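Visitor: Structure supplied as run.pdb; contents: PDB, C-alpha atoms.
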ATOM      1  CA  MET A1076      40.417 -25.934  56.242
ATOM      2  CA  ASN A1077      43.825 -26.074  57.883
ATOM      3  CA  HIS A1078      47.141 -26.382  56.124
ATOM      4  CA  GLN A1079      47.691 -30.001  57.088
ATOM      5  CA  ASN A1080      44.310 -30.988  55.740
ATOM      6  CA  GLU A1081      45.060 -29.197  52.477
ATOM      7  CA  ASN A1082      48.313 -31.108  52.141
ATOM      8  CA  MET A1083      46.519 -34.406  52.706
ATOM      9  CA  LEU A1084      43.999 -33.589  49.999
ATOM     10  CA  ASP A1085      46.779 -32.528  47.607
ATOM     11  CA  ASP A1086      48.548 -35.819  48.301
ATOM     12  CA  GLU A1087      45.402 -37.826  47.796
ATOM     13  CA  LEU A1088      44.511 -36.184  44.481
ATOM     14  CA  ALA A1089      48.059 -36.702  43.243
ATOM     15  CA  ARG A1090      47.844 -40.380  44.202
ATOM     16  CA  LEU A1091      44.502 -40.610  42.410
ATOM     17  CA  ALA A1092      46.120 -39.182  39.291
ATOM     18  CA  ASP A1093      48.734 -41.922  39.500
ATOM     19  CA  THR A1094      46.042 -44.593  39.756
ATOM     20  CA  LEU A1095      44.312 -43.145  36.692
ATOM     21  CA  ILE A1096      47.491 -43.370  34.675
ATOM     22  CA  ASN A1097      48.139 -46.894  35.916
ATOM     23  CA  GLY A1098      44.590 -47.903  35.004
ATOM     24  CA  GLU A1099      43.737 -48.812  38.584
ATOM     25  CA  SER A1100      40.472 -48.136  40.348
ATOM     26  CA  ALA A1101      40.339 -45.838  43.351
ATOM     27  CA  LEU A1102      37.955 -44.639  45.992
ATOM     28  CA  PRO A1103      38.395 -40.912  46.626
ATOM     29  CA  SER A1104      37.417 -39.138  49.811
ATOM     30  CA  ALA A1105      34.249 -37.075  49.748
ATOM     31  CA  GLU A1106      36.283 -33.835  49.580
ATOM     32  CA  ASN A1107      38.100 -34.996  46.474
ATOM     33  CA  GLN A1108      35.206 -36.832  44.801
ATOM     34  CA  ARG A1109      34.350 -34.107  42.288
ATOM     35  CA  LEU A1110      37.992 -33.267  41.627
ATOM     36  CA  TYR A1111      38.669 -36.940  40.936
ATOM     37  CA  GLU A1112      35.826 -36.986  38.401
ATOM     38  CA  ILE A1113      37.308 -33.924  36.742
ATOM     39  CA  SER A1114      40.739 -35.585  36.739
ATOM     40  CA  GLN A1115      39.226 -38.615  35.035
ATOM     41  CA  ALA A1116      37.613 -36.442  32.379
ATOM     42  CA  VAL A1117      40.867 -34.541  31.818
ATOM     43  CA  TYR A1118      42.804 -37.769  31.515
ATOM     44  CA  GLN A1119      40.295 -39.175  29.037
ATOM     45  CA  THR A1120      40.430 -35.982  27.007
ATOM     46  CA  ILE A1121      44.212 -36.072  26.786
ATOM     47  CA  ASN A1122      44.063 -39.849  26.452
ATOM     48  CA  PRO A1123      47.755 -40.581  26.075
ATOM     49  CA  THR A1124      47.037 -44.204  25.218
ATOM     50  CA  ALA A1125      45.468 -43.135  21.905
ATOM     51  CA  LEU A1126      48.585 -42.812  19.786
ATOM     52  CA  PRO A1127      48.739 -41.156  16.384
ATOM     53  CA  ASN A1128      47.977 -43.801  13.796
ATOM     54  CA  GLY A1129      50.598 -45.433  11.610
ATOM     55  CA  ALA A1130      49.412 -43.844   8.369
ATOM     56  CA  PHE A1131      49.698 -40.379   9.879
ATOM     57  CA  ARG A1132      53.153 -41.136  11.274
ATOM     58  CA  LEU A1133      54.407 -42.252   7.880
ATOM     59  CA  LYS A1134      52.784 -39.374   6.015
ATOM     60  CA  LEU A1135      54.251 -36.849   8.432
ATOM     61  CA  GLN A1136      57.668 -38.489   8.287
ATOM     62  CA  LYS A1137      57.590 -38.219   4.487
ATOM     63  CA  GLU A1138      56.581 -34.547   4.692
ATOM     64  CA  LEU A1139      59.365 -33.894   7.164
ATOM     65  CA  ILE A1140      61.991 -35.541   4.993
ATOM     66  CA  GLU A1141      60.913 -33.316   2.098
ATOM     67  CA  ALA A1142      60.927 -30.206   4.287
ATOM     68  CA  TRP A1143      64.292 -31.214   5.716
ATOM     69  CA  GLN A1144      65.879 -31.621   2.294
ATOM     70  CA  GLU A1145      64.397 -28.356   1.100
ATOM     71  CA  GLU A1146      65.753 -26.610   4.175
ATOM     72  CA  GLN A1147      69.190 -28.154   3.791
ATOM     73  CA  GLN A1148      69.374 -26.997   0.185
ATOM     74  CA  LYS A1149      68.269 -23.516   1.111
ATOM     75  CA  ARG A1150      70.612 -23.186   4.062
ATOM     76  CA  SER A1151      73.817 -24.821   2.988
ATOM     77  CA  SER A1152      73.443 -23.607  -0.608
ATOM     78  CA  ILE A1153      76.613 -25.231  -1.849
ATOM     79  CA  ILE A1154      78.048 -23.570  -4.897
ATOM     80  CA  THR A1155      78.622 -26.848  -6.644
ATOM     81  CA  PHE A1156      81.096 -25.802  -9.262
ATOM     82  CA  ILE A1157      83.397 -24.317  -6.638
ATOM     83  CA  GLY A1158      82.564 -26.722  -3.878
ATOM     84  CA  ILE A1159      82.759 -24.126  -1.099
ATOM     85  CA  PRO A1160      79.950 -23.806   1.449
ATOM     86  CA  ALA A1161      78.047 -20.545   1.005
ATOM     87  CA  LYS A1162      78.932 -19.233   4.461
ATOM     88  CA  ARG A1163      82.656 -19.543   3.793
ATOM     89  CA  LEU A1164      82.213 -18.199   0.324
ATOM     90  CA  TRP A1165      80.525 -15.084   1.660
ATOM     91  CA  GLN A1166      83.315 -14.679   4.203
ATOM     92  CA  GLY A1167      85.834 -14.977   1.367
ATOM     93  CA  VAL A1168      83.969 -12.469  -0.736
ATOM     94  CA  GLY A1169      83.898 -10.041   2.195
ATOM     95  CA  ILE A1170      87.655 -10.356   2.756
ATOM     96  CA  ALA A1171      88.355 -10.036  -0.981
ATOM     97  CA  ALA A1172      86.175  -6.922  -1.194
ATOM     98  CA  THR A1173      88.016  -5.325   1.724
ATOM     99  CA  ILE A1174      91.398  -6.092   0.174
ATOM    100  CA  ILE A1175      90.327  -4.683  -3.206
ATOM    101  CA  VAL A1176      89.044  -1.492  -1.618
ATOM    102  CA  LEU A1177      92.231  -1.083   0.428
ATOM    103  CA  VAL A1178      94.497  -1.738  -2.579
ATOM    104  CA  ALA A1179      92.506   0.699  -4.699
ATOM    105  CA  LEU A1180      92.652   3.334  -1.972
ATOM    106  CA  GLY A1181      96.378   2.808  -1.485
ATOM    107  CA  TYR A1182      96.904   3.075  -5.222
ATOM    108  CA  LEU A1183      94.890   6.293  -5.419
ATOM    109  CA  LEU A1184      96.681   7.862  -2.466
ATOM    110  CA  SER A1185     100.115   6.980  -3.765
ATOM    111  CA  ASN A1186      99.286   8.635  -7.086
ATOM    112  CA  THR A1187      97.828  11.765  -5.561
ATOM    113  CA  SER A1188     100.878  12.569  -3.405
ATOM    114  CA  THR A1189     102.686  15.725  -4.491
ATOM    115  CA  PRO A1190     106.183  17.018  -3.831
ATOM    116  CA  GLU A1191     106.528  18.815  -0.495
ATOM    117  CA  GLY A1192     105.615  22.472  -0.559
ATOM    118  CA  GLN A1193     103.358  22.251  -3.570
ATOM    119  CA  ALA A1194      99.618  22.692  -3.294
ATOM    120  CA  THR A1195      97.436  19.767  -4.249
ATOM    121  CA  THR A1196      94.776  20.497  -6.757
ATOM    122  CA  GLY A1197      92.264  17.935  -7.936
ATOM    123  CA  THR A1198      92.930  14.216  -8.020
ATOM    124  CA  ALA A1199      95.923  13.165  -9.938
ATOM    125  CA  MET A1200      95.704   9.580 -11.099
ATOM    126  CA  ASP A1201      97.673   7.520 -13.492
ATOM    127  CA  SER A1202      95.374   7.124 -16.469
ATOM    128  CA  THR A1203      96.314   3.417 -16.850
ATOM    129  CA  ALA A1204      94.962   2.702 -13.367
ATOM    130  CA  LEU A1205      91.360   3.586 -14.171
ATOM    131  CA  PRO A1206      90.544   0.725 -16.570
ATOM    132  CA  PHE A1207      92.273  -1.685 -14.206
ATOM    133  CA  ILE A1208      90.224  -0.617 -11.187
ATOM    134  CA  GLY A1209      87.061  -0.479 -13.293
ATOM    135  CA  LEU A1210      87.654  -4.012 -14.538
ATOM    136  CA  ILE A1211      88.148  -5.322 -11.007
ATOM    137  CA  ALA A1212      84.995  -3.508  -9.859
ATOM    138  CA  ILE A1213      82.949  -4.980 -12.726
ATOM    139  CA  ILE A1214      84.213  -8.521 -12.115
ATOM    140  CA  PHE A1215      83.620  -8.218  -8.388
ATOM    141  CA  THR A1216      80.118  -6.779  -8.811
ATOM    142  CA  GLY A1217      79.193  -9.435 -11.349
ATOM    143  CA  PHE A1218      80.430 -12.208  -9.075
ATOM    144  CA  THR A1219      78.554 -10.797  -6.080
ATOM    145  CA  VAL A1220      75.326 -10.479  -8.066
ATOM    146  CA  PHE A1221      75.742 -14.030  -9.312
ATOM    147  CA  LEU A1222      76.187 -15.384  -5.765
ATOM    148  CA  TRP A1223      73.240 -13.375  -4.516
ATOM    149  CA  TRP A1224      71.070 -14.744  -7.299
ATOM    150  CA  LYS A1225      72.270 -18.278  -6.589
ATOM    151  CA  ARG A1226      71.442 -17.939  -2.891
ATOM    152  CA  ARG A1227      67.974 -16.624  -3.588
ATOM    153  CA  ARG A1228      67.216 -19.675  -5.717
TER     154      ARG A1228
ATOM    155  CA  MET B1465      71.472 -43.856  14.874
ATOM    156  CA  ALA B1466      71.393 -44.765  18.550
ATOM    157  CA  GLU B1467      67.813 -44.518  19.713
ATOM    158  CA  ASN B1468      69.061 -43.839  23.210
ATOM    159  CA  ALA B1469      71.309 -40.928  22.256
ATOM    160  CA  SER B1470      70.670 -37.818  24.317
ATOM    161  CA  ASP B1471      68.519 -35.001  22.976
ATOM    162  CA  GLU B1472      71.534 -32.698  23.027
ATOM    163  CA  SER B1473      73.600 -35.070  20.936
ATOM    164  CA  LEU B1474      70.780 -35.589  18.423
ATOM    165  CA  VAL B1475      70.134 -31.865  18.169
ATOM    166  CA  HIS B1476      73.821 -31.242  17.551
ATOM    167  CA  GLN B1477      73.885 -33.852  14.785
ATOM    168  CA  ALA B1478      70.667 -32.496  13.285
ATOM    169  CA  GLN B1479      72.166 -29.016  13.270
ATOM    170  CA  GLN B1480      75.061 -30.438  11.272
ATOM    171  CA  GLY B1481      72.533 -31.663   8.702
ATOM    172  CA  ASN B1482      72.011 -35.236   9.901
ATOM    173  CA  GLN B1483      68.476 -36.126   8.803
ATOM    174  CA  GLU B1484      68.427 -39.411  10.694
ATOM    175  CA  ALA B1485      69.146 -37.607  13.952
ATOM    176  CA  PHE B1486      66.233 -35.301  13.298
ATOM    177  CA  LEU B1487      63.907 -38.225  12.545
ATOM    178  CA  THR B1488      64.958 -39.887  15.797
ATOM    179  CA  LEU B1489      63.935 -36.705  17.637
ATOM    180  CA  TYR B1490      60.692 -36.672  15.692
ATOM    181  CA  ASN B1491      59.874 -40.237  16.713
ATOM    182  CA  ARG B1492      60.842 -39.461  20.280
ATOM    183  CA  TYR B1493      58.569 -36.438  20.576
ATOM    184  CA  LEU B1494      55.672 -37.209  18.236
ATOM    185  CA  ASN B1495      53.417 -38.755  20.868
ATOM    186  CA  LYS B1496      54.023 -36.017  23.422
ATOM    187  CA  VAL B1497      53.410 -33.260  20.907
ATOM    188  CA  TYR B1498      50.364 -35.053  19.541
ATOM    189  CA  HIS B1499      48.793 -35.372  22.994
ATOM    190  CA  ARG B1500      49.462 -31.743  23.801
ATOM    191  CA  VAL B1501      47.834 -30.664  20.583
ATOM    192  CA  LYS B1502      44.944 -33.053  21.169
ATOM    193  CA  SER B1503      44.267 -31.481  24.541
ATOM    194  CA  ARG B1504      43.770 -28.034  22.995
ATOM    195  CA  VAL B1505      42.732 -28.386  19.354
ATOM    196  CA  PRO B1506      39.594 -29.962  17.843
ATOM    197  CA  LEU B1507      40.214 -33.583  16.912
ATOM    198  CA  THR B1508      39.656 -32.925  13.212
ATOM    199  CA  ASP B1509      42.642 -30.544  13.138
ATOM    200  CA  VAL B1510      45.053 -32.305  15.480
ATOM    201  CA  GLU B1511      47.071 -33.938  12.705
ATOM    202  CA  ASP B1512      47.408 -30.715  10.701
ATOM    203  CA  VAL B1513      48.599 -28.735  13.694
ATOM    204  CA  THR B1514      51.003 -31.502  14.715
ATOM    205  CA  GLN B1515      52.420 -31.439  11.214
ATOM    206  CA  GLU B1516      52.866 -27.655  11.315
ATOM    207  CA  ILE B1517      54.739 -27.980  14.596
ATOM    208  CA  PHE B1518      57.270 -30.451  13.236
ATOM    209  CA  ILE B1519      57.713 -28.470  10.018
ATOM    210  CA  ALA B1520      58.433 -25.415  12.191
ATOM    211  CA  MET B1521      60.924 -27.554  14.103
ATOM    212  CA  VAL B1522      62.693 -28.484  10.841
ATOM    213  CA  ARG B1523      62.971 -24.815   9.940
ATOM    214  CA  SER B1524      64.249 -23.602  13.266
ATOM    215  CA  ILE B1525      66.321 -26.402  14.753
ATOM    216  CA  ARG B1526      69.521 -24.659  13.659
ATOM    217  CA  ASN B1527      68.515 -21.705  15.811
ATOM    218  CA  PHE B1528      68.170 -23.840  18.929
ATOM    219  CA  LYS B1529      71.007 -22.677  21.168
ATOM    220  CA  GLY B1530      70.515 -25.139  23.983
ATOM    221  CA  ASP B1531      69.784 -22.441  26.578
ATOM    222  CA  SER B1532      66.791 -24.515  27.658
ATOM    223  CA  SER B1533      65.979 -28.199  27.272
ATOM    224  CA  LEU B1534      64.696 -29.418  23.920
ATOM    225  CA  ASN B1535      61.428 -30.209  25.690
ATOM    226  CA  THR B1536      60.940 -26.589  26.713
ATOM    227  CA  TRP B1537      61.973 -25.251  23.324
ATOM    228  CA  LEU B1538      59.690 -27.640  21.472
ATOM    229  CA  TYR B1539      56.735 -26.857  23.722
ATOM    230  CA  THR B1540      57.268 -23.180  22.976
ATOM    231  CA  ILE B1541      56.816 -24.065  19.299
ATOM    232  CA  VAL B1542      53.735 -26.113  20.214
ATOM    233  CA  ASN B1543      52.185 -23.167  22.037
ATOM    234  CA  ARG B1544      53.019 -20.767  19.232
ATOM    235  CA  GLN B1545      51.589 -23.032  16.551
ATOM    236  CA  ILE B1546      48.407 -23.612  18.533
ATOM    237  CA  ALA B1547      48.052 -19.853  19.006
ATOM    238  CA  ASP B1548      48.643 -19.415  15.252
ATOM    239  CA  TYR B1549      46.031 -22.034  14.523
ATOM    240  CA  TYR B1550      43.407 -20.139  16.510
ATOM    241  CA  ARG B1551      44.521 -16.815  15.109
ATOM    242  CA  LYS B1552      44.107 -18.169  11.585
ATOM    243  CA  LYS B1553      40.722 -19.545  12.421
ATOM    244  CA  ASN B1554      39.933 -16.196  13.952
ATOM    245  CA  ARG B1555      38.467 -17.894  16.949
ATOM    246  CA  LYS B1556      39.332 -16.579  20.355
ATOM    247  CA  LYS B1557      37.007 -18.774  22.397
ATOM    248  CA  GLU B1558      38.019 -22.263  21.420
ATOM    249  CA  PRO B1559      36.792 -24.794  20.769
ATOM    250  CA  THR B1560      33.024 -24.781  20.429
ATOM    251  CA  ILE B1561      30.953 -27.850  19.803
ATOM    252  CA  GLU B1562      29.304 -26.520  16.670
ATOM    253  CA  GLU B1563      32.572 -25.603  14.998
ATOM    254  CA  ASN B1564      34.356 -28.587  16.351
ATOM    255  CA  ASP B1565      32.529 -31.559  15.022
ATOM    256  CA  ASP B1566      31.868 -31.890  11.359
ATOM    257  CA  HIS B1567      30.351 -35.269  12.144
ATOM    258  CA  TRP B1568      28.023 -33.828  14.795
ATOM    259  CA  ASP B1569      24.838 -34.615  12.893
ATOM    260  CA  VAL B1570      25.538 -38.306  12.687
ATOM    261  CA  LEU B1571      26.484 -38.839  16.321
ATOM    262  CA  THR B1572      24.319 -40.879  18.647
ATOM    263  CA  THR B1573      23.110 -39.399  21.937
ATOM    264  CA  ASN B1574      25.843 -41.189  23.889
ATOM    265  CA  GLU B1575      28.475 -40.053  21.474
ATOM    266  CA  ARG B1576      27.165 -36.495  21.679
ATOM    267  CA  SER B1577      27.324 -36.586  25.430
ATOM    268  CA  HIS B1578      30.897 -37.856  25.307
ATOM    269  CA  ASP B1579      31.898 -35.268  22.708
ATOM    270  CA  ASP B1580      30.181 -32.584  24.727
ATOM    271  CA  GLU B1581      32.224 -33.411  27.799
ATOM    272  CA  TYR B1582      35.373 -33.766  25.725
ATOM    273  CA  THR B1583      34.899 -30.322  24.227
ATOM    274  CA  GLU B1584      34.036 -28.804  27.572
ATOM    275  CA  ILE B1585      37.174 -30.162  29.197
ATOM    276  CA  GLN B1586      39.279 -29.200  26.193
ATOM    277  CA  ASN B1587      37.881 -25.705  26.386
ATOM    278  CA  ALA B1588      38.750 -25.515  30.066
ATOM    279  CA  ILE B1589      42.312 -26.769  29.485
ATOM    280  CA  TYR B1590      42.720 -24.195  26.722
ATOM    281  CA  HIS B1591      41.713 -21.371  29.047
ATOM    282  CA  LEU B1592      43.826 -22.443  32.009
ATOM    283  CA  PRO B1593      46.738 -20.255  33.079
ATOM    284  CA  ASP B1594      49.977 -21.643  31.614
ATOM    285  CA  HIS B1595      51.409 -23.025  34.865
ATOM    286  CA  TYR B1596      48.203 -24.925  35.608
ATOM    287  CA  ARG B1597      47.990 -26.348  32.108
ATOM    288  CA  GLU B1598      51.652 -27.302  32.172
ATOM    289  CA  VAL B1599      51.454 -29.382  35.332
ATOM    290  CA  ILE B1600      48.461 -31.301  33.963
ATOM    291  CA  LEU B1601      50.101 -31.920  30.596
ATOM    292  CA  LEU B1602      53.390 -32.958  32.156
ATOM    293  CA  ARG B1603      51.579 -35.535  34.283
ATOM    294  CA  PHE B1604      48.954 -36.803  31.831
ATOM    295  CA  ALA B1605      50.388 -36.179  28.362
ATOM    296  CA  ASP B1606      54.092 -36.679  29.089
ATOM    297  CA  GLY B1607      53.602 -39.207  31.883
ATOM    298  CA  LEU B1608      56.122 -37.522  34.180
ATOM    299  CA  PRO B1609      55.797 -38.494  37.866
ATOM    300  CA  PHE B1610      55.073 -35.610  40.226
ATOM    301  CA  ALA B1611      58.594 -35.842  41.666
ATOM    302  CA  ASP B1612      60.078 -35.260  38.181
ATOM    303  CA  ILE B1613      57.671 -32.407  37.498
ATOM    304  CA  ALA B1614      58.725 -30.835  40.794
ATOM    305  CA  HIS B1615      62.374 -31.204  39.818
ATOM    306  CA  GLN B1616      61.746 -29.752  36.368
ATOM    307  CA  ARG B1617      59.866 -26.785  37.793
ATOM    308  CA  GLY B1618      62.329 -26.236  40.627
ATOM    309  CA  GLN B1619      59.582 -26.725  43.207
ATOM    310  CA  THR B1620      59.055 -28.956  46.189
ATOM    311  CA  LEU B1621      56.953 -32.060  45.661
ATOM    312  CA  GLU B1622      54.288 -30.619  47.961
ATOM    313  CA  ALA B1623      54.111 -27.400  45.968
ATOM    314  CA  THR B1624      53.738 -29.363  42.731
ATOM    315  CA  LYS B1625      50.941 -31.521  44.107
ATOM    316  CA  SER B1626      49.231 -28.413  45.387
ATOM    317  CA  LEU B1627      49.603 -26.769  41.967
ATOM    318  CA  TYR B1628      48.069 -29.834  40.330
ATOM    319  CA  ARG B1629      45.106 -29.741  42.692
ATOM    320  CA  ARG B1630      44.551 -26.033  42.065
ATOM    321  CA  ALA B1631      44.696 -26.693  38.322
ATOM    322  CA  ILE B1632      42.023 -29.382  38.589
ATOM    323  CA  GLN B1633      39.947 -27.072  40.806
ATOM    324  CA  ALA B1634      40.215 -24.356  38.149
ATOM    325  CA  ILE B1635      38.879 -26.782  35.540
ATOM    326  CA  ARG B1636      36.089 -27.800  37.888
ATOM    327  CA  ASP B1637      35.166 -24.157  38.374
ATOM    328  CA  MET B1638      34.958 -23.628  34.623
ATOM    329  CA  VAL B1639      33.046 -26.834  33.958
ATOM    330  CA  ASP B1640      30.635 -26.423  36.850
ATOM    331  CA  GLY B1641      30.285 -22.722  36.162
ATOM    332  CA  ALA B1642      31.388 -21.607  39.601
TER     333      ALA B1642
END
Represent the structure from my file as structure tokens, please.
Guide:
Amino acid sequence: MNHQNENMLDDELARLADTLINGESALPSAENQRLYEISQAVYQTINPTALPNGAFRLKLQKELIEAWQEEQQKRSSIITFIGIPAKRLWQGVGIAATIIVLVALGYLLSNTSTPEGQATTGTAMDSTALPFIGLIAIIFTGFTVFLWWKRRR
Amino acid sequence: MAENASDESLVHQAQQGNQEAFLTLYNRYLNKVYHRVKSRVPLTDVEDVTQEIFIAMVRSIRNFKGDSSLNTWLYTIVNRQIADYYRKKNRKKEPTIEENDDHWDVLTTNERSHDDEYTEIQNAIYHLPDHYREVILLRFADGLPFADIAHQRGQTLEATKSLYRRAIQAIRDMVDGA
């Protein structure tokens, strides 16, 4: 079969598909007869005129609303008593943690510096600094654990 | 909510948490998704699978980046959920008449014959290569004219019509056992 003939048959079958969708009758050529029958069967199987029924639509819509609300709660996870979205809160916590670590490091380094020419032995630290840093670490850890727990719920 | 808002606009609003925008998308795509599922899943399970698809859409719409059209993205979910459905059922060759119809025993001869053909065609559609199945579903399930399908696929109209014919021939070969 030559190329032109193939194109004509392609065109015809496509036109026949259009007539099926439009609910019109058609008379296919002998070459396309069987393919037209198959097209009809395919169209009837897909049957786009048979829409999902109203009860199913409503039931699914209800399910989706529930799933949507559940998802919104899970994702946005607003910390209500602070009123800050979780994403921003986590960003804030990250920045605060970095600052605390840097301040603590700076504090430690400034207290471990020794006069020029003297050897450094061990870690010299102002004894009043330890409870202060410990307290900050405990508060920060507690707050982080609380947020983590809140997010998981 | 404007029913005629674009998909992109509705997706954007849904990603911001607008439930109404999501429901508008749901109403817009329900029939198309339903028909796609119906062409590949036994009738008794069509509603369940359709439901799973939209629940998956709820869960992942925030991840939709807009790299492709919503259509394409959603049909990826459809394909994945249908594959999951068959994986769960542990059935590779789907569907079969015996498994398919719980009501088989009470069908009349005519109904059996119709169901038989339905299942046979469904089976064939299920086993078609993706590009063949897609052109058939775009024309019959989505109602897109061949010119639009050609545009969507980045093909000439002639190439699309030829693809459609080859897809129907492939189904014929499966049905007629060629």
Visitor: Tell me the residues of chain A close to chain B, meaning within 10 Å using all atoms listed in the file, as a PyMOL selection string.
Guide: chain A and resi 1081-1090+1092-1093+1095-1096+1107+1109-1114+1116-1128+1131-1132+1134-1136+1138-1147+1150-1151
Visitor: Enclose range 1077-1082 of chain A, meaning all of its atoms listed in the file, in a box aligned along x, y and z, pad it by 8 Å on each side, and list the centre and edge lengths in Å to one decimal, as JSON.
Guide:
{"center_x": 46.1, "center_y": -28.6, "center_z": 55.0, "size_x": 20.5, "size_y": 21.0, "size_z": 21.7}
Visitor: Neighbours of Val1542 in chain B within 9 Å (only C-alpha atoms; same-chain residues fewer than 2 positions away dropped), as a ChimeraX atom specification?
Guide: /B:1497,1500-1501,1513-1514,1517-1518,1537-1540,1544-1547
Visitor: How many Å separate CA of Ala1485 in chain B from CA of Glu1467 in chain B?
Guide: 9.1 Å
Visitor: Go ahead and compute the interatomic distance for CA of Asp1580 in chain B and CA of Val1505 in chain B, in Å to one decimal.
Guide: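 A separation of 14.3 Å between them.
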Visitor: Could you state the separation of CA of Gly1530 in chain B and CA of Tyr1590 in chain B in Å, given to one decimal place?
Guide: 27.9 Å
Visitor: Taking the file as shown, what set of residues would the PyMOL selection byres ((chain B and resi 1472) around 12) give back, as a ChimeraX atom specification?
Guide: /B:1468-1471,1473-1479,1485-1486,1489,1525,1528-1535
Visitor: Copy range 1615-1626 of chain B out of the block into a file, keeping N, CA and C atoms, as a short mmCIF file (atom, residue, chain, number, x, y, z; two decimals), in the first residue's frame.
Guide:
data_model
loop_
_atom_site.label_atom_id
_atom_site.label_comp_id
_atom_site.auth_asym_id
_atom_site.auth_seq_id
_atom_site.Cartn_x
_atom_site.Cartn_y
_atom_site.Cartn_z
N HIS B 1615 -1.24 19.36 18.32
CA HIS B 1615 -0.58 20.53 18.92
C HIS B 1615 0.03 20.15 20.26
N GLN B 1616 -0.76 19.45 21.06
CA GLN B 1616 -0.30 19.04 22.40
C GLN B 1616 0.92 18.12 22.32
N ARG B 1617 0.92 17.26 21.32
CA ARG B 1617 2.02 16.30 21.20
C ARG B 1617 3.19 16.84 20.38
N GLY B 1618 3.01 18.03 19.83
CA GLY B 1618 4.07 18.61 19.00
C GLY B 1618 4.28 17.83 17.73
N GLN B 1619 3.16 17.34 17.16
CA GLN B 1619 3.23 16.55 15.92
C GLN B 1619 2.43 17.25 14.83
N THR B 1620 2.60 16.76 13.61
CA THR B 1620 1.72 17.24 12.55
C THR B 1620 0.38 16.52 12.70
N LEU B 1621 -0.65 17.10 12.09
CA LEU B 1621 -1.97 16.48 12.14
C LEU B 1621 -1.94 15.10 11.50
N GLU B 1622 -1.20 14.99 10.40
CA GLU B 1622 -1.11 13.71 9.69
C GLU B 1622 -0.48 12.64 10.59
N ALA B 1623 0.58 13.04 11.28
CA ALA B 1623 1.27 12.08 12.15
C ALA B 1623 0.34 11.62 13.28
N THR B 1624 -0.47 12.54 13.77
CA THR B 1624 -1.39 12.20 14.87
C THR B 1624 -2.47 11.23 14.39
N LYS B 1625 -3.01 11.52 13.20
CA LYS B 1625 -4.03 10.62 12.65
C LYS B 1625 -3.44 9.24 12.39
N SER B 1626 -2.21 9.23 11.92
CA SER B 1626 -1.55 7.96 11.65
C SER B 1626 -1.32 7.20 12.96
#
